[in-house]
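So the structure is just underneath, and the comments pick up after that.
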Amino acid sequence: MKSFSIRRGILLIAMVSSLFFTWGCRQSTTQEGTAAASPRPYNIIWDSPSENAFGSMPLGNGDIALNVWVEQNGDLCFYIGKTDSWGDNGRLLKVGKVRVECDPPLIFPGAAFSQELDLQTGSVIISSRGEYNGKKTDLQLRVVADANNPAVYVVSEGGTPLKLTARIERWRTAPYRLPELNVSDLLEDRRHPGNMHAPVVVEPDEFVKNGQNLIGWYHFNRKSVGFDLTNRLQGLSEYFTEDPILHRIFGAVITGDEADVTNDSTMQVADKLSVYVLTEHPSSPENWQKSIAQVMQATEQTPMEKRLISHKQWWEDFWNRSWLHADSDTDSGAFIVSRAYALQRFIDACAGRGRYPIKFNGSLFTVDYPDKPGGADYRRWGPGYWWQNTRLPYLSMVASGDFDLLQPFFKMYADDIFELSKYRTKKYFGFDGVYFPECMYFWGSVFTETYGWTPYEEREDPLQVLGYHKWEWVSGPELAFMMFDYFDYTQDTAFLKEKIIPLAGQVIRFFDNYYKTGEDGKLIMHPSQAAETWWECTNPMTEVSGLIAITKRLLALPPSIVSESDRAYWQAFQQKIPPIPLRETPDGPALAPAEKFADKRNVENPELYAVFPFRLFSFDNPNPQWAVNALNHRWDKGHFGWRQDDIFMTYLGLTDQAREYLVARASEHDNNMRFPAFWGPNYDWTPDQDHGGILMRAFQTMVLQPDPYSEKLYLLPAWPEDWNGEFRLHAPYNTIIEGTIKNGAIDRLKVTPESRRADIIIKSKSTGNAK
């Protein structure tokens, strides 16, 4: 993970009026769960317009996301982001921005204005009522990102008809030379001014010309800057058969019934406005325009009303998957945490079902910062993926039952990059196995500056030059561990056989081949490091606990799943894993960052990875005091960004401390932003998805902690006594646990299947003694 103090598809938008569609309260077939499932208590409602995009609300369908706001002049504005809109410099760009002027205007003297994020229906509702030009005026627009189709709609629901003028607002209007490069940019080179190996130019968007009743724009990558270069430097060119950047094109067209086109960027329509957005790779402007015409035709084959009904059903099903609410007569923090949890889960759903994983540093909701180059395309730390950061938004998804949101994450790491990693290991070291570098682009190459500018063929050491994560290889064991969690919850045996076992086996084989054993038969894991924090290590806790964990889970698989030869190999390797490292503290033995550790460069707590993510130590496992001592004597503390203290505390049953940290985390968001769940920037950028990901996992584990090494299910291991609550969470073996909590105790409990009730252990409150 990074410390700032150290370094660092398709869319349709349709505006439709006068649809006979009811957006009333959901009718659930599960009567007990109807009220509990509803997220409406956490709706965000504003009674005034915003100055700019800092006052925007998030919306999305998983692949396409919007920042939606109304400006002081009454214009409705939205940025469009997409998970696969990679520009020619390898940066994830916005698709664009649309401004809609309404007549009558949304803002007029004396108007009662409201903008509401309606979580239940996945929409933003904008209303304005009063007397305009001597007439009673009733305006209401509903912005909807269609959950099932590549579509977003704005539906006129008020009693006053609206005339709509749409304008394409480009900021990429001419070739723009970036004044400096960010960490992970393809041509980042810290030897040169502006960290630039060569000038980096952002090319302009282009207007669609001579459209029939439409206006549009697109961004076409006529060049690819850095893809071939970084792969040549790393000796990986021969692996790739296609450049994923070159000839990628993304953009949109705007149309409507009886459209009146004023110029290339402006048009007027009555009641309906549709914006179709498409990404293609590889393609050309000519082919893209043909394809987007087909998208328009295919989308409109289904009546709008049916699409809206299906959209509403998707969000109803989403909120019925799981819920978690807390309230208290004495602690307002219970509501603050519950609202933060619901809003972060909504944000994940808005941006988590596309081609690529959620970007930790802003997701799809970055906006224009006046002092940052590139407008709304800017994000601190750039386009790359750090494993330690990318994983964090996904920590809560198995317990919430959001298995669909995990698929892009597994697709990139366990499919695409896994295959490259096998090739890379064989070429660099001449043996089988897999390691996953901490920092990679979406196709799997290490960041250019991180790897270094000396070509692979000219160096003795094939590994990256940058020391922050040169030997940080915990990503392999942790990816396997997360995949095991997914299997435990879903019982997807095909995923186990085809994905987990091959990947986990290759991860183990890498460590077995890379490190030698000592006289005691144990691996001597040196050189190594403990996360980015301790650079000179032997037997780091991160990798040691990870290898113990995944080997333990592999060996727990039944003989019908694994071969005798694999089991024998894993058993032999298990005997080579070094023991859990310990150190002495004034309070006694404590988990240590490594058997030997020195040269502290960052602010993580790698000694506590044995608690989380690998869950070898907890309140109910042997020697919990070792972990508590490590927590009490940790070098760095905090409840923001990617810091995981809150989760360590819940797994150790330290209720009071967990509550303090979690309430503080839920209360902190970017002060520049109006939306209360746009966290950040913290170590990274706004909205900080790591901050919200930690929050969700910590809140869940206050209520429920499944043991990954048995069938035990611990309820209320860190739940405050003065909090009431309602919950429905998923657990291993296709289990769902639903209940209510009164005064810190279980009041009602429903377990599906009922046979799993026998595995539940209800824990009493433990205040612990963490500092």
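Residue names in the structure tokens use chain letters A, B, ... in the order shown, residue numbers from 1 in each chain, and ligand numbers from 1 in the order shown.
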Give me every strand (DSSP E) residue in stretch 185-268 of chain A, going by DSSP on the backbone, as a PDB file with N, CA and C atoms, in the first residue's frame.
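Now in states_1.pdb:
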ATOM      1  N   VAL A 201       1.151  13.680 -24.483  1.00  0.00           N
ATOM      2  CA  VAL A 201       0.105  14.543 -25.005  1.00  0.00           C
ATOM      3  C   VAL A 201      -1.230  13.830 -24.918  1.00  0.00           C
ATOM      4  N   VAL A 202      -2.212  14.476 -24.300  1.00  0.00           N
ATOM      5  CA  VAL A 202      -3.578  13.973 -24.281  1.00  0.00           C
ATOM      6  C   VAL A 202      -4.270  14.496 -25.538  1.00  0.00           C
ATOM      7  N   GLU A 206     -13.220  14.090 -30.587  1.00  0.00           N
ATOM      8  CA  GLU A 206     -13.665  14.566 -31.884  1.00  0.00           C
ATOM      9  C   GLU A 206     -15.186  14.489 -31.961  1.00  0.00           C
ATOM     10  N   PHE A 207     -15.779  15.469 -32.619  1.00  0.00           N
ATOM     11  CA  PHE A 207     -17.226  15.469 -32.790  1.00  0.00           C
ATOM     12  C   PHE A 207     -17.628  14.518 -33.912  1.00  0.00           C
ATOM     13  N   LEU A 214     -28.820  13.821 -34.514  1.00  0.00           N
ATOM     14  CA  LEU A 214     -28.006  13.499 -33.347  1.00  0.00           C
ATOM     15  C   LEU A 214     -26.752  14.348 -33.340  1.00  0.00           C
ATOM     16  N   ILE A 215     -26.151  14.434 -32.159  1.00  0.00           N
ATOM     17  CA  ILE A 215     -24.817  14.981 -31.993  1.00  0.00           C
ATOM     18  C   ILE A 215     -24.002  13.947 -31.228  1.00  0.00           C
ATOM     19  N   GLY A 216     -22.702  14.011 -31.319  1.00  0.00           N
ATOM     20  CA  GLY A 216     -21.895  13.009 -30.629  1.00  0.00           C
ATOM     21  C   GLY A 216     -20.432  13.363 -30.605  1.00  0.00           C
ATOM     22  N   TRP A 217     -19.688  12.553 -29.867  1.00  0.00           N
ATOM     23  CA  TRP A 217     -18.238  12.726 -29.759  1.00  0.00           C
ATOM     24  C   TRP A 217     -17.599  11.385 -29.457  1.00  0.00           C
ATOM     25  N   TYR A 218     -16.304  11.299 -29.729  1.00  0.00           N
ATOM     26  CA  TYR A 218     -15.578  10.063 -29.433  1.00  0.00           C
ATOM     27  C   TYR A 218     -14.111  10.383 -29.188  1.00  0.00           C
ATOM     28  N   HIS A 219     -13.443   9.479 -28.507  1.00  0.00           N
ATOM     29  CA  HIS A 219     -11.996   9.553 -28.272  1.00  0.00           C
ATOM     30  C   HIS A 219     -11.384   8.303 -28.903  1.00  0.00           C
ATOM     31  N   PHE A 220     -10.547   8.501 -29.897  1.00  0.00           N
ATOM     32  CA  PHE A 220      -9.974   7.393 -30.661  1.00  0.00           C
ATOM     33  C   PHE A 220      -8.471   7.350 -30.439  1.00  0.00           C
ATOM     34  N   ILE A 249     -11.592   2.899 -28.876  1.00  0.00           N
ATOM     35  CA  ILE A 249     -12.404   4.081 -29.110  1.00  0.00           C
ATOM     36  C   ILE A 249     -13.608   4.056 -28.181  1.00  0.00           C
ATOM     37  N   PHE A 250     -13.882   5.189 -27.590  1.00  0.00           N
ATOM     38  CA  PHE A 250     -15.060   5.309 -26.726  1.00  0.00           C
ATOM     39  C   PHE A 250     -15.662   6.693 -26.930  1.00  0.00           C
ATOM     40  N   GLY A 251     -16.961   6.764 -26.798  1.00  0.00           N
ATOM     41  CA  GLY A 251     -17.642   8.034 -26.999  1.00  0.00           C
ATOM     42  C   GLY A 251     -19.142   7.856 -26.891  1.00  0.00           C
ATOM     43  N   ALA A 252     -19.883   8.838 -27.372  1.00  0.00           N
ATOM     44  CA  ALA A 252     -21.327   8.833 -27.193  1.00  0.00           C
ATOM     45  C   ALA A 252     -22.007   9.629 -28.293  1.00  0.00           C
ATOM     46  N   VAL A 253     -23.267   9.334 -28.515  1.00  0.00           N
ATOM     47  CA  VAL A 253     -24.120  10.156 -29.363  1.00  0.00           C
ATOM     48  C   VAL A 253     -25.380  10.501 -28.590  1.00  0.00           C
ATOM     49  N   ILE A 254     -25.891  11.681 -28.847  1.00  0.00           N
ATOM     50  CA  ILE A 254     -27.096  12.179 -28.196  1.00  0.00           C
ATOM     51  C   ILE A 254     -28.167  12.357 -29.251  1.00  0.00           C
ATOM     52  N   THR A 255     -29.353  11.870 -28.995  1.00  0.00           N
ATOM     53  CA  THR A 255     -30.435  11.991 -29.951  1.00  0.00           C
ATOM     54  C   THR A 255     -31.767  12.078 -29.213  1.00  0.00           C
ATOM     55  N   ASP A 260     -33.747  18.927 -32.812  1.00  0.00           N
ATOM     56  CA  ASP A 260     -33.355  20.139 -33.530  1.00  0.00           C
ATOM     57  C   ASP A 260     -31.883  20.382 -33.234  1.00  0.00           C
ATOM     58  N   VAL A 261     -31.022  20.010 -34.191  1.00  0.00           N
ATOM     59  CA  VAL A 261     -29.582  20.118 -34.014  1.00  0.00           C
ATOM     60  C   VAL A 261     -29.129  21.527 -34.356  1.00  0.00           C
ATOM     61  N   THR A 262     -28.518  22.197 -33.367  1.00  0.00           N
ATOM     62  CA  THR A 262     -28.038  23.566 -33.570  1.00  0.00           C
ATOM     63  C   THR A 262     -26.644  23.579 -34.169  1.00  0.00           C
ATOM     64  N   ASN A 263     -25.765  22.766 -33.629  1.00  0.00           N
ATOM     65  CA  ASN A 263     -24.397  22.639 -34.141  1.00  0.00           C
ATOM     66  C   ASN A 263     -23.850  21.301 -33.676  1.00  0.00           C
ATOM     67  N   THR A 266     -24.644  20.923 -29.765  1.00  0.00           N
ATOM     68  CA  THR A 266     -25.879  21.368 -29.115  1.00  0.00           C
ATOM     69  C   THR A 266     -27.100  20.893 -29.889  1.00  0.00           C
ATOM     70  N   MET A 267     -28.128  20.483 -29.133  1.00  0.00           N
ATOM     71  CA  MET A 267     -29.396  20.106 -29.748  1.00  0.00           C
ATOM     72  C   MET A 267     -30.526  20.321 -28.746  1.00  0.00           C
ATOM     73  N   GLN A 268     -31.748  20.510 -29.297  1.00  0.00           N
ATOM     74  CA  GLN A 268     -32.941  20.651 -28.461  1.00  0.00           C
ATOM     75  C   GLN A 268     -33.922  19.539 -28.800  1.00  0.00           C
TER      76      GLN A 268
END
Using only C-alpha atoms, I'd like a table of the residues in stretch 283-383 of chain A that come within 12 Å of stretch 209-212 of chain A; for each, show the closest atom pair and its distance in Å rounded to one decimal, ordered by chain and ascending number, as CSV.
residue,atom,partner,partner_atom,distance
A:Pro285,CA,A:Lys209,CA,10.9
A:Glu286,CA,A:Lys209,CA,11.2
A:Gln289,CA,A:Gly211,CA,9.9
A:Lys290,CA,A:Gly211,CA,11.9
A:Ala293,CA,A:Gly211,CA,10.9
So that I have them on file, write out the residues from the current selection with C-alpha atoms, as a PDB file, in the first residue's frame.
ATOM      1  CA  PRO A 285     -14.352   5.889 -36.126  1.00  0.00           C
ATOM      2  CA  GLU A 286     -16.270   4.492 -39.082  1.00  0.00           C
ATOM      3  CA  GLN A 289     -20.376   4.780 -35.653  1.00  0.00           C
ATOM      4  CA  LYS A 290     -21.899   1.720 -37.310  1.00  0.00           C
ATOM      5  CA  ALA A 293     -26.168   2.802 -34.467  1.00  0.00           C
TER       6      ALA A 293
END
Query raised in the report: Neighbours of A:Ala174 within 9 Å (only C-alpha atoms; same-chain residues fewer than 4 positions away dropped), as a list of chain:residue names?
Result: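 The neighbour list is A:Val202, A:Glu203, A:Pro204, A:Asp205.
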The selected residues should be written to file as a compact mmCIF listing (two decimals), in the first residue's frame (atoms: N, CA, C and O atoms).
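And here is the file that came out, again-v3.txt:
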# COMPACT_ATOMS: atom_id res chain seq x y z
N VAL A 202 -2.21 14.48 -24.30
CA VAL A 202 -3.58 13.97 -24.28
C VAL A 202 -4.27 14.50 -25.54
O VAL A 202 -4.37 15.71 -25.73
N GLU A 203 -4.73 13.59 -26.37
CA GLU A 203 -5.34 13.98 -27.64
C GLU A 203 -6.79 14.42 -27.41
O GLU A 203 -7.45 14.00 -26.46
N PRO A 204 -7.30 15.27 -28.30
CA PRO A 204 -8.67 15.77 -28.12
C PRO A 204 -9.73 14.75 -28.51
O PRO A 204 -9.48 13.84 -29.29
N ASP A 205 -10.91 14.95 -27.96
CA ASP A 205 -12.09 14.23 -28.45
C ASP A 205 -12.52 14.86 -29.78
O ASP A 205 -12.24 16.02 -30.06
Query raised in the report: If you run DSSP on this backbone, which residues of stretch 322-471 of chain A come out as helix (DSSP H, G or I), and could you give them as a ChimeraX atom specification?
Result: /A:333-351,375-377,387-390,392-394,397-400,403-429,448-451,456-458,467-469
Requested in this report: Would you work out the distance separating atom CA of A:Gly362 from atom CA of A:Gln689, expressed in Å to one decimal?
Outcome: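 One can read the atom CA of A:Gly362 to atom CA of A:Gln689 distance as 6.7 Å.
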Report task. Please identify all polymer residues within 6 Å of stretch 336-341 of chain A, counting only C-alpha atoms, omitting same-chain residues fewer than 2 positions from it, and present them as a list in words. Result ->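 My list of contacting residues is Tyr42, His325, Ala326, Gly333, Ala334, Leu343, Gln344, Val663, Ala666 and Met696 of chain A.
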Can you spit out the residues from that selection as a tab-separated table (two decimals), in the first residue's frame, using C-alpha atoms?
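File written: again_20.tsv
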chain	number	residue	atom	x	y	z
A	42	TYR	CA	-29.93	6.54	4.21
A	325	HIS	CA	-28.37	-1.65	10.14
A	326	ALA	CA	-27.55	-0.39	13.60
A	333	GLY	CA	-22.54	6.75	15.64
A	334	ALA	CA	-24.65	3.64	14.99
A	343	LEU	CA	-23.73	4.29	0.62
A	344	GLN	CA	-20.43	2.49	0.05
A	663	VAL	CA	-17.52	5.65	13.93
A	666	ALA	CA	-17.68	6.74	8.94
A	696	MET	CA	-17.79	-2.31	5.29
Can you list every residue of stretch 373-473 of chain A that has an atom at most 12 Å from stretch 601-624 of chain A, with its nearest atom pair and the distance in Å to one decimal, using only C-alpha atoms, ordered by chain then number, as a tab-separated table?
residue	atom	partner	partner_atom	distance
A:Gln388	CA	A:Glu604	CA	10.6
A:Arg391	CA	A:Pro613	CA	10.6
A:Leu392	CA	A:Pro613	CA	10.4
A:Leu395	CA	A:Pro613	CA	9.1
A:Ser396	CA	A:Pro613	CA	11.8
A:Gly467	CA	A:Arg601	CA	9.7
A:Tyr468	CA	A:Arg601	CA	7.8
A:His469	CA	A:Arg601	CA	10.8
A:Glu472	CA	A:Pro606	CA	11.1
Output file for the residues above (N, CA and C atoms, as a PDB file, in the first residue's frame):
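And here's selection14.pdb as it stands now:
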ATOM      1  N   GLN A 388      -2.412  -4.271  -2.877  1.00  0.00           N
ATOM      2  CA  GLN A 388      -2.820  -3.996  -1.503  1.00  0.00           C
ATOM      3  C   GLN A 388      -3.991  -3.018  -1.432  1.00  0.00           C
ATOM      4  N   ARG A 391      -7.566  -4.751  -3.621  1.00  0.00           N
ATOM      5  CA  ARG A 391      -8.314  -5.812  -2.936  1.00  0.00           C
ATOM      6  C   ARG A 391      -9.354  -5.264  -1.955  1.00  0.00           C
ATOM      7  N   LEU A 392      -9.096  -4.084  -1.376  1.00  0.00           N
ATOM      8  CA  LEU A 392      -9.870  -3.645  -0.222  1.00  0.00           C
ATOM      9  C   LEU A 392     -11.351  -3.401  -0.512  1.00  0.00           C
ATOM     10  N   LEU A 395     -13.371  -6.799  -0.050  1.00  0.00           N
ATOM     11  CA  LEU A 395     -13.317  -7.602   1.163  1.00  0.00           C
ATOM     12  C   LEU A 395     -14.692  -7.976   1.690  1.00  0.00           C
ATOM     13  N   SER A 396     -15.659  -7.124   1.466  1.00  0.00           N
ATOM     14  CA  SER A 396     -16.975  -7.320   2.076  1.00  0.00           C
ATOM     15  C   SER A 396     -17.959  -8.057   1.179  1.00  0.00           C
ATOM     16  N   GLY A 467      12.354  -0.238  -4.554  1.00  0.00           N
ATOM     17  CA  GLY A 467      12.406  -1.079  -3.367  1.00  0.00           C
ATOM     18  C   GLY A 467      11.130  -1.176  -2.571  1.00  0.00           C
ATOM     19  N   TYR A 468      10.162  -0.307  -2.837  1.00  0.00           N
ATOM     20  CA  TYR A 468       8.959  -0.305  -2.010  1.00  0.00           C
ATOM     21  C   TYR A 468       8.216  -1.636  -2.029  1.00  0.00           C
ATOM     22  N   HIS A 469       8.315  -2.349  -3.127  1.00  0.00           N
ATOM     23  CA  HIS A 469       7.610  -3.635  -3.203  1.00  0.00           C
ATOM     24  C   HIS A 469       8.374  -4.626  -4.067  1.00  0.00           C
ATOM     25  N   GLU A 472       7.754  -7.801  -2.339  1.00  0.00           N
ATOM     26  CA  GLU A 472       6.434  -7.865  -1.703  1.00  0.00           C
ATOM     27  C   GLU A 472       5.539  -8.776  -2.545  1.00  0.00           C
TER      28      GLU A 472
END
Query raised in the report: Which polymer residues have any atom within 6 Å of an atom of stretch 224-241 of chain A, counting only C-alpha atoms, with same-chain residues fewer than 4 positions away left out, as a ChimeraX atom specification?
Result: /A:88-89,186,245-246,448,455-456
Query raised in the report: Could you pull the residues within 6 Å of stretch 122-132 of chain A, counting only C-alpha atoms, minus those fewer than 2 positions along the same chain, as a list of chain:residue names?
Result: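 Everything that qualifies: A:Leu106, A:Ala111, A:Ala112, A:Phe113, A:Ser114, A:Gln115, A:Glu116, A:Leu117, A:Asp118, A:Leu119, A:Gln120, A:Gly134, A:Lys135, A:Lys136, A:Thr137, A:Asp138, A:Leu139, A:Gln140, A:Leu141, A:Arg142, A:Val143, A:Val144.
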File dump, residues just selected, N, CA, C and O atoms, as a JSON list (two decimals), in the first residue's frame:
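Saved as result-v3.json:
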[["chain", "number", "residue", "atom", "x", "y", "z"],
["A", 106, "LEU", "N", -34.86, 24.53, -13.66],
["A", 106, "LEU", "CA", -34.97, 23.82, -12.39],
["A", 106, "LEU", "C", -34.80, 24.76, -11.20],
["A", 106, "LEU", "O", -35.24, 24.44, -10.09],
["A", 111, "ALA", "N", -38.56, 28.89, -5.69],
["A", 111, "ALA", "CA", -38.76, 27.46, -5.94],
["A", 111, "ALA", "C", -38.35, 26.63, -4.73],
["A", 111, "ALA", "O", -37.36, 26.94, -4.04],
["A", 112, "ALA", "N", -39.10, 25.59, -4.46],
["A", 112, "ALA", "CA", -38.72, 24.58, -3.45],
["A", 112, "ALA", "C", -37.95, 23.49, -4.18],
["A", 112, "ALA", "O", -38.53, 22.69, -4.90],
["A", 113, "PHE", "N", -36.64, 23.48, -3.99],
["A", 113, "PHE", "CA", -35.75, 22.58, -4.74],
["A", 113, "PHE", "C", -35.36, 21.38, -3.88],
["A", 113, "PHE", "O", -35.16, 21.51, -2.67],
["A", 114, "SER", "N", -35.20, 20.24, -4.53],
["A", 114, "SER", "CA", -34.73, 19.03, -3.85],
["A", 114, "SER", "C", -33.97, 18.16, -4.83],
["A", 114, "SER", "O", -34.38, 17.99, -5.99],
["A", 115, "GLN", "N", -32.86, 17.61, -4.37],
["A", 115, "GLN", "CA", -32.13, 16.57, -5.10],
["A", 115, "GLN", "C", -31.90, 15.42, -4.15],
["A", 115, "GLN", "O", -31.29, 15.59, -3.10],
["A", 116, "GLU", "N", -32.41, 14.25, -4.52],
["A", 116, "GLU", "CA", -32.37, 13.09, -3.62],
["A", 116, "GLU", "C", -31.76, 11.89, -4.31],
["A", 116, "GLU", "O", -32.14, 11.54, -5.43],
["A", 117, "LEU", "N", -30.81, 11.26, -3.64],
["A", 117, "LEU", "CA", -30.32, 9.97, -4.08],
["A", 117, "LEU", "C", -31.22, 8.90, -3.48],
["A", 117, "LEU", "O", -31.21, 8.69, -2.27],
["A", 118, "ASP", "N", -32.03, 8.27, -4.32],
["A", 118, "ASP", "CA", -32.97, 7.24, -3.88],
["A", 118, "ASP", "C", -32.29, 5.89, -4.04],
["A", 118, "ASP", "O", -32.26, 5.31, -5.13],
["A", 119, "LEU", "N", -31.71, 5.39, -2.97],
["A", 119, "LEU", "CA", -30.96, 4.14, -3.02],
["A", 119, "LEU", "C", -31.84, 2.97, -3.43],
["A", 119, "LEU", "O", -31.39, 2.06, -4.14],
["A", 120, "GLN", "N", -33.07, 2.97, -2.98],
["A", 120, "GLN", "CA", -33.96, 1.83, -3.22],
["A", 120, "GLN", "C", -34.15, 1.57, -4.71],
["A", 120, "GLN", "O", -34.21, 0.42, -5.13],
["A", 134, "GLY", "N", -45.68, 33.52, -13.23],
["A", 134, "GLY", "CA", -47.09, 33.62, -12.91],
["A", 134, "GLY", "C", -47.87, 32.33, -13.02],
["A", 134, "GLY", "O", -49.09, 32.33, -12.85],
["A", 135, "LYS", "N", -47.19, 31.22, -13.25],
["A", 135, "LYS", "CA", -47.86, 29.94, -13.39],
["A", 135, "LYS", "C", -47.33, 28.94, -12.36],
["A", 135, "LYS", "O", -46.14, 28.93, -12.05],
["A", 136, "LYS", "N", -48.24, 28.11, -11.86],
["A", 136, "LYS", "CA", -47.83, 27.03, -10.97],
["A", 136, "LYS", "C", -46.95, 26.05, -11.75],
["A", 136, "LYS", "O", -47.34, 25.58, -12.83],
["A", 137, "THR", "N", -45.80, 25.78, -11.21],
["A", 137, "THR", "CA", -44.81, 24.95, -11.92],
["A", 137, "THR", "C", -44.42, 23.77, -11.05],
["A", 137, "THR", "O", -44.07, 23.93, -9.88],
["A", 138, "ASP", "N", -44.49, 22.58, -11.64],
["A", 138, "ASP", "CA", -44.19, 21.33, -10.94],
["A", 138, "ASP", "C", -43.22, 20.53, -11.80],
["A", 138, "ASP", "O", -43.62, 19.88, -12.77],
["A", 139, "LEU", "N", -41.93, 20.59, -11.46],
["A", 139, "LEU", "CA", -40.89, 19.92, -12.24],
["A", 139, "LEU", "C", -40.32, 18.76, -11.43],
["A", 139, "LEU", "O", -40.04, 18.92, -10.23],
["A", 140, "GLN", "N", -40.12, 17.63, -12.06],
["A", 140, "GLN", "CA", -39.41, 16.52, -11.42],
["A", 140, "GLN", "C", -38.73, 15.67, -12.48],
["A", 140, "GLN", "O", -39.35, 15.27, -13.46],
["A", 141, "LEU", "N", -37.47, 15.43, -12.27],
["A", 141, "LEU", "CA", -36.68, 14.56, -13.14],
["A", 141, "LEU", "C", -36.12, 13.42, -12.32],
["A", 141, "LEU", "O", -35.69, 13.62, -11.18],
["A", 142, "ARG", "N", -36.12, 12.24, -12.87],
["A", 142, "ARG", "CA", -35.50, 11.08, -12.23],
["A", 142, "ARG", "C", -34.39, 10.57, -13.14],
["A", 142, "ARG", "O", -34.64, 10.20, -14.28],
["A", 143, "VAL", "N", -33.17, 10.57, -12.64],
["A", 143, "VAL", "CA", -32.02, 10.06, -13.39],
["A", 143, "VAL", "C", -31.80, 8.62, -12.98],
["A", 143, "VAL", "O", -31.69, 8.32, -11.79],
["A", 144, "VAL", "N", -31.74, 7.73, -13.96],
["A", 144, "VAL", "CA", -31.66, 6.29, -13.68],
["A", 144, "VAL", "C", -30.54, 5.68, -14.52],
["A", 144, "VAL", "O", -30.52, 5.85, -15.73]]
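Among the candidate residues A:Glu101, A:Glu449, A:Asp599, A:Asp327, the one lying nearest to A:Glu188 is A:Glu449, with distances computed using only C-alpha atoms.
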